[in-house]
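A.B. asks: My structure is below; once you've seen it, I'll send some questions.
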Amino acid sequence: RGSATAWAAGLACAAAVACLVAGAAPRPQASANFLAPPMTAARGLAPMAPVMATAAMRPRVFAGPVREDRPSVRLAAEKENTSGHSVKGMPELTEEQMRERQALAEHQQNAPRLTQAEEARNMLAYGTGYGVISTNSVQTEGYPAGAIVGFAADAQGRPFFALSTMSSHTQDLLKDSRASLTVTVDGFEGAADGRVTLVGDITKVPKAEVEELRAAYKKRHPDAFWVDFGDFLWHRMDTINSIRFIGGFARAGSITPEDYMKASPDPISAFAKPVLGHMNADHADANAAIVNAYVPIKVDSALMASLDRFGFDAKVTKDGQAFKLRVPFPREATDRKTVKDLLVEMTRAGAAQAKEAAAAEAE
């Protein structure tokens with residue numbers, strides 16, 4: 001069906017078409033690591049069209065929240081740069097290949113997923129608990145200074161820190177509270193993975209609130225005995241002015257501080273690690289079968305990368321290309337049991353479809 005390069009280029013073109021249909025400017029990616037078409041920011045409901053890899057059978061997909069965008073902003077940016085990430089000399093695709101790529105792009109555009117605000121809250125709640133703080137340097141005036149620091153987040157998603165008075169970034173904050181914190185998803189490897197930057201003012205925490213934050217910080221960082229040392233000060237980003245979110249390739253946007261603070265970390269994502277570990281270690285073949293059954297594409301391999309109440313993200317390979325796909329649950333998951341039940345259901349559906357496909361090929 002053509003080279004792997006042609007496949008990636010075709011997916012990029014199809015993603016562009018799907019984005020235009022959805023009212024957002026496309027961000028074509030004709031590269032080996034093109035992931036999925038852009039997911040948009042606000043939350044709403046839209047029907048999920050049935051996805052058919054074979055005419056005979058396709059599991060139903062939950063019609064959950066789908067992102068919308070601000071077309072005027074995206075289209076204005078597109079007018080300034082219509083070339084995108086173009087690659088010269090790409091081979092042409094057949095009509096059938098283009099139809100396949102467009103079907104995949106449209107499926108991914110409509111696949112239910114968390115809002116960007118929820119994804120950002122997830123990063124702060126369930127990530128490594130470390131990020132890069134950038135301050136206005138006292139030592140090198142007029143330049144920013146970055147440092148990796150531990151943090152935890154309160155119920156509103158505001159990050160707080162135990163900072164040594166000997167650290168240069170602490171001295172920077174005592175003089176100028178303006179700063180940013182960049183946090184990544186757990187297991188961050190590169191541009192395909194999510195990250196978020198909070199920009200605001202980091203100031204000292206009132207004494208009356210210190211003990212509550214200390215307990216929360218130690219729960220997040222059980223080995224952080226040093227927070228009890230006398231030269232550590234408690235700081236918090238009390239004012240969040242802006243939030244820059246990148247969920248992966250072609251998934252970038254701004255989150256308002258109000259939306260961020262109103263959102264909550266996804267409860268299903270809280271126990272994602274053991275589920276992902278089990279599925280990837282013991283059921284890798286089932287992962288690929290699930291993707292092939294619930295997404296209009298046939299992949300060679302798949303590993304679950306993240307999990308939430310609407311489905312999971314999978315790192316897949318096809319024809320030598322590696323990228324991410326969104327795999328929606330048939331229904332919204334509400335607890336551990338429903339997650340298990342859904343994965344069992346999807347595994348059986350994937351196995352049945354694989355058996356049917358093998359029988360059809362044998363004929």
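Scheme for the structure tokens: letters A, B, ... for chains in order shown; per-chain residue numbers from 1; ligand numbers from 1 in order shown.
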At a cut-off of 10 Å, can you tabulate as a tab-separated table every residue of region 133-249 of chain A near region 287-305 of chain A together with its closest atom pair and the distance in Å to one decimal, using only C-alpha atoms and ordering rows by chain then number?
C.D. replies:
```
residue	atom	partner	partner_atom	distance
A:Asp186	CA	A:Ala305	CA	9.8
A:Gly187	CA	A:Ala305	CA	8.9
A:Asp193	CA	A:Ala305	CA	9.6
```
A.B. asks: As a PyMOL selection string, please: every residue in region 127-290 of chain A that DSSP puts in strand (DSSP E).
C.D. replies: chain A and resi 130-136+144-150+152-153+159-164+178-184+195-204+232-248+251-255
A.B. asks: With distances taken over only C-alpha atoms, which residue among A:Phe271, A:Ala103, A:Tyr143, A:Met279 lies nearest Lys337 (chain A)?
C.D. replies: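 Distance minimum relative to Lys337 (chain A) lands on A:Phe271.
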A.B. asks: Run DSSP on the backbone and tell me which residues of region 234-356 of chain A come out as alpha helix (DSSP H); list them as an MDAnalysis selection string.
C.D. replies: chainID A and resid 257:262 272:282 284:294 336:356
A.B. asks: If you keep N, CA and C atoms, can you produce a file of those selected residues as a tab-separated table (two decimals), in the first residue's frame?
C.D. replies:
```
chain	number	residue	atom	x	y	z
A	257	PRO	N	-6.79	30.46	33.32
A	257	PRO	CA	-6.61	30.09	34.72
A	257	PRO	C	-7.93	29.66	35.38
A	258	GLU	N	-9.03	30.29	34.96
A	258	GLU	CA	-10.33	29.94	35.54
A	258	GLU	C	-10.72	28.51	35.19
A	259	ASP	N	-10.56	28.13	33.92
A	259	ASP	CA	-10.88	26.76	33.50
A	259	ASP	C	-9.98	25.75	34.19
A	260	TYR	N	-8.72	26.10	34.31
A	260	TYR	CA	-7.77	25.20	34.95
A	260	TYR	C	-8.14	24.95	36.41
A	261	MET	N	-8.47	25.99	37.13
A	261	MET	CA	-8.75	25.85	38.55
A	261	MET	C	-10.11	25.21	38.82
A	262	LYS	N	-11.03	25.34	37.87
A	262	LYS	CA	-12.34	24.68	38.00
A	262	LYS	C	-12.26	23.19	37.69
A	272	ALA	N	-3.79	4.63	36.74
A	272	ALA	CA	-3.44	4.21	35.39
A	272	ALA	C	-2.17	3.37	35.34
A	273	LYS	N	-1.17	3.70	36.15
A	273	LYS	CA	0.14	3.04	36.03
A	273	LYS	C	0.06	1.52	36.11
A	274	PRO	N	-0.56	0.94	37.14
A	274	PRO	CA	-0.60	-0.53	37.18
A	274	PRO	C	-1.38	-1.14	36.03
A	275	VAL	N	-2.42	-0.45	35.56
A	275	VAL	CA	-3.20	-0.97	34.43
A	275	VAL	C	-2.34	-0.96	33.16
A	276	LEU	N	-1.65	0.15	32.92
A	276	LEU	CA	-0.79	0.23	31.74
A	276	LEU	C	0.32	-0.80	31.80
A	277	GLY	N	0.94	-0.94	32.98
A	277	GLY	CA	2.01	-1.90	33.12
A	277	GLY	C	1.55	-3.32	32.85
A	278	HIS	N	0.38	-3.67	33.36
A	278	HIS	CA	-0.15	-5.02	33.15
A	278	HIS	C	-0.48	-5.27	31.68
A	279	MET	N	-1.17	-4.33	31.06
A	279	MET	CA	-1.57	-4.51	29.66
A	279	MET	C	-0.35	-4.58	28.74
A	280	ASN	N	0.65	-3.74	29.00
A	280	ASN	CA	1.82	-3.72	28.12
A	280	ASN	C	2.73	-4.92	28.33
A	281	ALA	N	2.81	-5.39	29.57
A	281	ALA	CA	3.70	-6.51	29.86
A	281	ALA	C	3.07	-7.86	29.50
A	282	ASP	N	1.77	-7.99	29.72
A	282	ASP	CA	1.12	-9.29	29.59
A	282	ASP	C	0.16	-9.40	28.41
A	284	ALA	N	0.33	-7.40	25.21
A	284	ALA	CA	0.74	-6.52	24.11
A	284	ALA	C	0.01	-6.86	22.81
A	285	ASP	N	-0.18	-8.14	22.55
A	285	ASP	CA	-0.91	-8.53	21.34
A	285	ASP	C	-2.36	-8.05	21.39
A	286	ALA	N	-2.95	-8.12	22.58
A	286	ALA	CA	-4.33	-7.66	22.74
A	286	ALA	C	-4.42	-6.16	22.51
A	287	ASN	N	-3.39	-5.41	22.92
A	287	ASN	CA	-3.39	-3.96	22.69
A	287	ASN	C	-3.54	-3.66	21.21
A	288	ALA	N	-2.74	-4.33	20.39
A	288	ALA	CA	-2.81	-4.09	18.94
A	288	ALA	C	-4.16	-4.49	18.38
A	289	ALA	N	-4.69	-5.61	18.85
A	289	ALA	CA	-6.00	-6.06	18.37
A	289	ALA	C	-7.09	-5.07	18.74
A	290	ILE	N	-7.00	-4.48	19.94
A	290	ILE	CA	-7.98	-3.48	20.35
A	290	ILE	C	-7.92	-2.27	19.44
A	291	VAL	N	-6.70	-1.78	19.18
A	291	VAL	CA	-6.55	-0.62	18.29
A	291	VAL	C	-7.15	-0.93	16.93
A	292	ASN	N	-6.84	-2.10	16.38
A	292	ASN	CA	-7.34	-2.45	15.05
A	292	ASN	C	-8.86	-2.59	15.02
A	293	ALA	N	-9.46	-2.92	16.17
A	293	ALA	CA	-10.91	-3.08	16.22
A	293	ALA	C	-11.64	-1.77	16.44
A	294	TYR	N	-11.02	-0.83	17.15
A	294	TYR	CA	-11.73	0.38	17.55
A	294	TYR	C	-11.27	1.65	16.83
A	336	ARG	N	-12.54	1.38	38.95
A	336	ARG	CA	-11.61	0.33	38.55
A	336	ARG	C	-12.33	-0.84	37.87
A	337	LYS	N	-13.46	-1.21	38.42
A	337	LYS	CA	-14.18	-2.37	37.88
A	337	LYS	C	-14.62	-2.11	36.45
A	338	THR	N	-15.16	-0.92	36.19
A	338	THR	CA	-15.61	-0.65	34.82
A	338	THR	C	-14.44	-0.58	33.85
A	339	VAL	N	-13.29	-0.09	34.32
A	339	VAL	CA	-12.11	-0.10	33.45
A	339	VAL	C	-11.74	-1.53	33.08
A	340	LYS	N	-11.72	-2.41	34.08
A	340	LYS	CA	-11.41	-3.82	33.81
A	340	LYS	C	-12.43	-4.43	32.87
A	341	ASP	N	-13.71	-4.18	33.13
A	341	ASP	CA	-14.77	-4.75	32.28
A	341	ASP	C	-14.66	-4.25	30.85
A	342	LEU	N	-14.36	-2.97	30.69
A	342	LEU	CA	-14.25	-2.40	29.35
A	342	LEU	C	-13.06	-2.99	28.60
A	343	LEU	N	-11.93	-3.14	29.28
A	343	LEU	CA	-10.76	-3.69	28.61
A	343	LEU	C	-10.97	-5.16	28.24
A	344	VAL	N	-11.66	-5.91	29.09
A	344	VAL	CA	-11.99	-7.29	28.75
A	344	VAL	C	-12.90	-7.33	27.53
A	345	GLU	N	-13.92	-6.48	27.53
A	345	GLU	CA	-14.84	-6.40	26.41
A	345	GLU	C	-14.12	-6.04	25.11
A	346	MET	N	-13.22	-5.07	25.19
A	346	MET	CA	-12.50	-4.63	24.00
A	346	MET	C	-11.50	-5.69	23.53
A	347	THR	N	-10.90	-6.39	24.49
A	347	THR	CA	-9.97	-7.47	24.12
A	347	THR	C	-10.70	-8.57	23.36
A	348	ARG	N	-11.88	-8.93	23.84
A	348	ARG	CA	-12.66	-9.97	23.16
A	348	ARG	C	-13.09	-9.52	21.77
A	349	ALA	N	-13.50	-8.25	21.67
A	349	ALA	CA	-13.90	-7.73	20.36
A	349	ALA	C	-12.73	-7.71	19.40
A	350	GLY	N	-11.55	-7.33	19.91
A	350	GLY	CA	-10.36	-7.32	19.08
A	350	GLY	C	-9.98	-8.71	18.61
A	351	ALA	N	-10.07	-9.69	19.52
A	351	ALA	CA	-9.74	-11.07	19.15
A	351	ALA	C	-10.72	-11.61	18.12
A	352	ALA	N	-12.00	-11.30	18.29
A	352	ALA	CA	-13.01	-11.78	17.34
A	352	ALA	C	-12.79	-11.19	15.96
A	353	GLN	N	-12.46	-9.90	15.93
A	353	GLN	CA	-12.24	-9.27	14.62
A	353	GLN	C	-10.97	-9.80	13.97
A	354	ALA	N	-9.93	-10.04	14.77
A	354	ALA	CA	-8.69	-10.59	14.22
A	354	ALA	C	-8.94	-11.98	13.64
A	355	LYS	N	-9.77	-12.77	14.32
A	355	LYS	CA	-10.10	-14.11	13.83
A	355	LYS	C	-10.87	-14.02	12.53
A	356	GLU	N	-11.81	-13.07	12.47
A	356	GLU	CA	-12.61	-12.90	11.26
A	356	GLU	C	-11.74	-12.45	10.09
```
A.B. asks: Quick one: pull the distance between CA of Gly129 (chain A) and CA of Arg113 (chain A), Å, one decimal.
C.D. replies: 23.2 Å
A.B. asks: Pick out the residues sitting within 6 Å of region 168-183 of chain A, and hand them over as a PyMOL selection string; count only C-alpha atoms, and ignore anything fewer than 6 positions along from it in its own chain.
C.D. replies: chain A and resi 131-135+137-138+195-203
A.B. asks: Just to be explicit: take each residue in the selection above, keep N, CA and C atoms, and write the result as a short mmCIF file (atom, residue, chain, number, x, y, z; two decimals), in the first residue's frame.
C.D. replies:
```cif
data_model
loop_
_atom_site.label_atom_id
_atom_site.label_comp_id
_atom_site.auth_asym_id
_atom_site.auth_seq_id
_atom_site.Cartn_x
_atom_site.Cartn_y
_atom_site.Cartn_z
N GLY A 131 9.46 19.67 38.18
CA GLY A 131 9.31 20.50 37.00
C GLY A 131 10.42 21.52 36.94
N VAL A 132 10.41 22.32 35.88
CA VAL A 132 11.41 23.36 35.70
C VAL A 132 10.80 24.70 36.08
N ILE A 133 11.36 25.31 37.11
CA ILE A 133 10.93 26.64 37.51
C ILE A 133 11.86 27.66 36.86
N SER A 134 11.30 28.69 36.25
CA SER A 134 12.09 29.74 35.61
C SER A 134 11.82 31.05 36.33
N THR A 135 12.90 31.69 36.79
CA THR A 135 12.79 32.92 37.56
C THR A 135 13.60 34.02 36.88
N SER A 137 16.59 36.19 37.05
CA SER A 137 17.85 35.99 37.77
C SER A 137 18.35 37.25 38.45
N VAL A 138 18.71 37.11 39.73
CA VAL A 138 19.38 38.18 40.46
C VAL A 138 20.85 38.22 40.08
N ARG A 195 3.06 18.40 27.86
CA ARG A 195 3.69 19.28 28.84
C ARG A 195 2.83 20.53 28.99
N VAL A 196 3.02 21.21 30.10
CA VAL A 196 2.23 22.41 30.38
C VAL A 196 3.11 23.40 31.14
N THR A 197 2.91 24.68 30.85
CA THR A 197 3.66 25.74 31.53
C THR A 197 2.68 26.70 32.19
N LEU A 198 2.83 26.87 33.49
CA LEU A 198 2.03 27.82 34.25
C LEU A 198 2.88 29.06 34.50
N VAL A 199 2.33 30.23 34.20
CA VAL A 199 3.02 31.50 34.39
C VAL A 199 2.26 32.31 35.42
N GLY A 200 2.97 32.79 36.44
CA GLY A 200 2.29 33.57 37.47
C GLY A 200 3.26 34.09 38.51
N ASP A 201 2.74 34.34 39.70
CA ASP A 201 3.54 34.87 40.80
C ASP A 201 3.66 33.84 41.90
N ILE A 202 4.91 33.55 42.29
CA ILE A 202 5.20 32.58 43.35
C ILE A 202 5.64 33.35 44.58
N THR A 203 4.85 33.26 45.62
CA THR A 203 5.11 34.03 46.83
C THR A 203 5.14 33.13 48.06
#
```
A.B. asks: List as a PyMOL selection string the protein and nucleic acid residues near region 310-314 of chain A, meaning an atom at most 6 Å away when only C-alpha atoms are counted, but skip any in the same chain fewer than 2 places from it.
C.D. replies: chain A and resi 113+303-308+316+324-329+332
A.B. asks: Any chance you could export the current selection's N, CA, C and O atoms as an mmCIF file, in the first residue's frame?
C.D. replies:
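Below you can see out_1.cif, which holds the result:
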```cif
data_model
loop_
_atom_site.group_PDB
_atom_site.id
_atom_site.type_symbol
_atom_site.label_atom_id
_atom_site.label_comp_id
_atom_site.auth_asym_id
_atom_site.auth_seq_id
_atom_site.Cartn_x
_atom_site.Cartn_y
_atom_site.Cartn_z
ATOM 1 N N ARG A 113 -12.005 12.684 24.685
ATOM 2 C CA ARG A 113 -10.834 12.742 25.545
ATOM 3 C C ARG A 113 -11.040 13.834 26.598
ATOM 4 O O ARG A 113 -12.014 14.580 26.550
ATOM 5 N N LEU A 303 1.288 -0.055 22.407
ATOM 6 C CA LEU A 303 1.484 -0.011 23.850
ATOM 7 C C LEU A 303 0.599 1.087 24.414
ATOM 8 O O LEU A 303 0.513 2.185 23.855
ATOM 9 N N MET A 304 -0.070 0.809 25.507
ATOM 10 C CA MET A 304 -0.897 1.821 26.153
ATOM 11 C C MET A 304 -0.001 2.851 26.821
ATOM 12 O O MET A 304 0.910 2.504 27.573
ATOM 13 N N ALA A 305 -0.252 4.130 26.547
ATOM 14 C CA ALA A 305 0.601 5.206 27.066
ATOM 15 C C ALA A 305 -0.058 5.999 28.184
ATOM 16 O O ALA A 305 0.626 6.535 29.052
ATOM 17 N N SER A 306 -1.379 6.112 28.162
ATOM 18 C CA SER A 306 -2.103 6.847 29.206
ATOM 19 C C SER A 306 -3.524 6.325 29.261
ATOM 20 O O SER A 306 -3.998 5.687 28.315
ATOM 21 N N LEU A 307 -4.189 6.611 30.350
ATOM 22 C CA LEU A 307 -5.535 6.077 30.569
ATOM 23 C C LEU A 307 -6.377 7.109 31.296
ATOM 24 O O LEU A 307 -5.905 7.772 32.224
ATOM 25 N N ASP A 308 -7.624 7.269 30.867
ATOM 26 C CA ASP A 308 -8.559 8.139 31.566
ATOM 27 C C ASP A 308 -9.960 7.576 31.405
ATOM 28 O O ASP A 308 -10.135 6.501 30.832
ATOM 29 N N VAL A 316 1.760 3.452 18.849
ATOM 30 C CA VAL A 316 1.645 2.369 17.877
ATOM 31 C C VAL A 316 2.749 2.453 16.839
ATOM 32 O O VAL A 316 3.382 3.502 16.661
ATOM 33 N N LYS A 324 1.217 8.188 17.920
ATOM 34 C CA LYS A 324 0.195 7.967 18.936
ATOM 35 C C LYS A 324 -1.200 7.990 18.324
ATOM 36 O O LYS A 324 -1.456 8.726 17.374
ATOM 37 N N LEU A 325 -2.088 7.202 18.923
ATOM 38 C CA LEU A 325 -3.498 7.205 18.532
ATOM 39 C C LEU A 325 -4.367 7.248 19.779
ATOM 40 O O LEU A 325 -3.990 6.733 20.836
ATOM 41 N N ARG A 326 -5.522 7.843 19.637
ATOM 42 C CA ARG A 326 -6.511 7.860 20.703
ATOM 43 C C ARG A 326 -7.466 6.691 20.497
ATOM 44 O O ARG A 326 -8.020 6.508 19.395
ATOM 45 N N VAL A 327 -7.675 5.883 21.538
ATOM 46 C CA VAL A 327 -8.568 4.735 21.474
ATOM 47 C C VAL A 327 -9.694 4.960 22.479
ATOM 48 O O VAL A 327 -9.477 4.889 23.689
ATOM 49 N N PRO A 328 -10.908 5.261 22.025
ATOM 50 C CA PRO A 328 -12.009 5.555 22.950
ATOM 51 C C PRO A 328 -12.641 4.297 23.527
ATOM 52 O O PRO A 328 -12.704 3.255 22.866
ATOM 53 N N PHE A 329 -13.100 4.406 24.763
ATOM 54 C CA PHE A 329 -13.877 3.328 25.369
ATOM 55 C C PHE A 329 -15.275 3.287 24.738
ATOM 56 O O PHE A 329 -15.794 4.323 24.312
ATOM 57 N N GLU A 332 -18.162 5.471 29.058
ATOM 58 C CA GLU A 332 -17.315 6.155 30.031
ATOM 59 C C GLU A 332 -17.045 5.248 31.228
ATOM 60 O O GLU A 332 -17.954 4.618 31.771
#
```
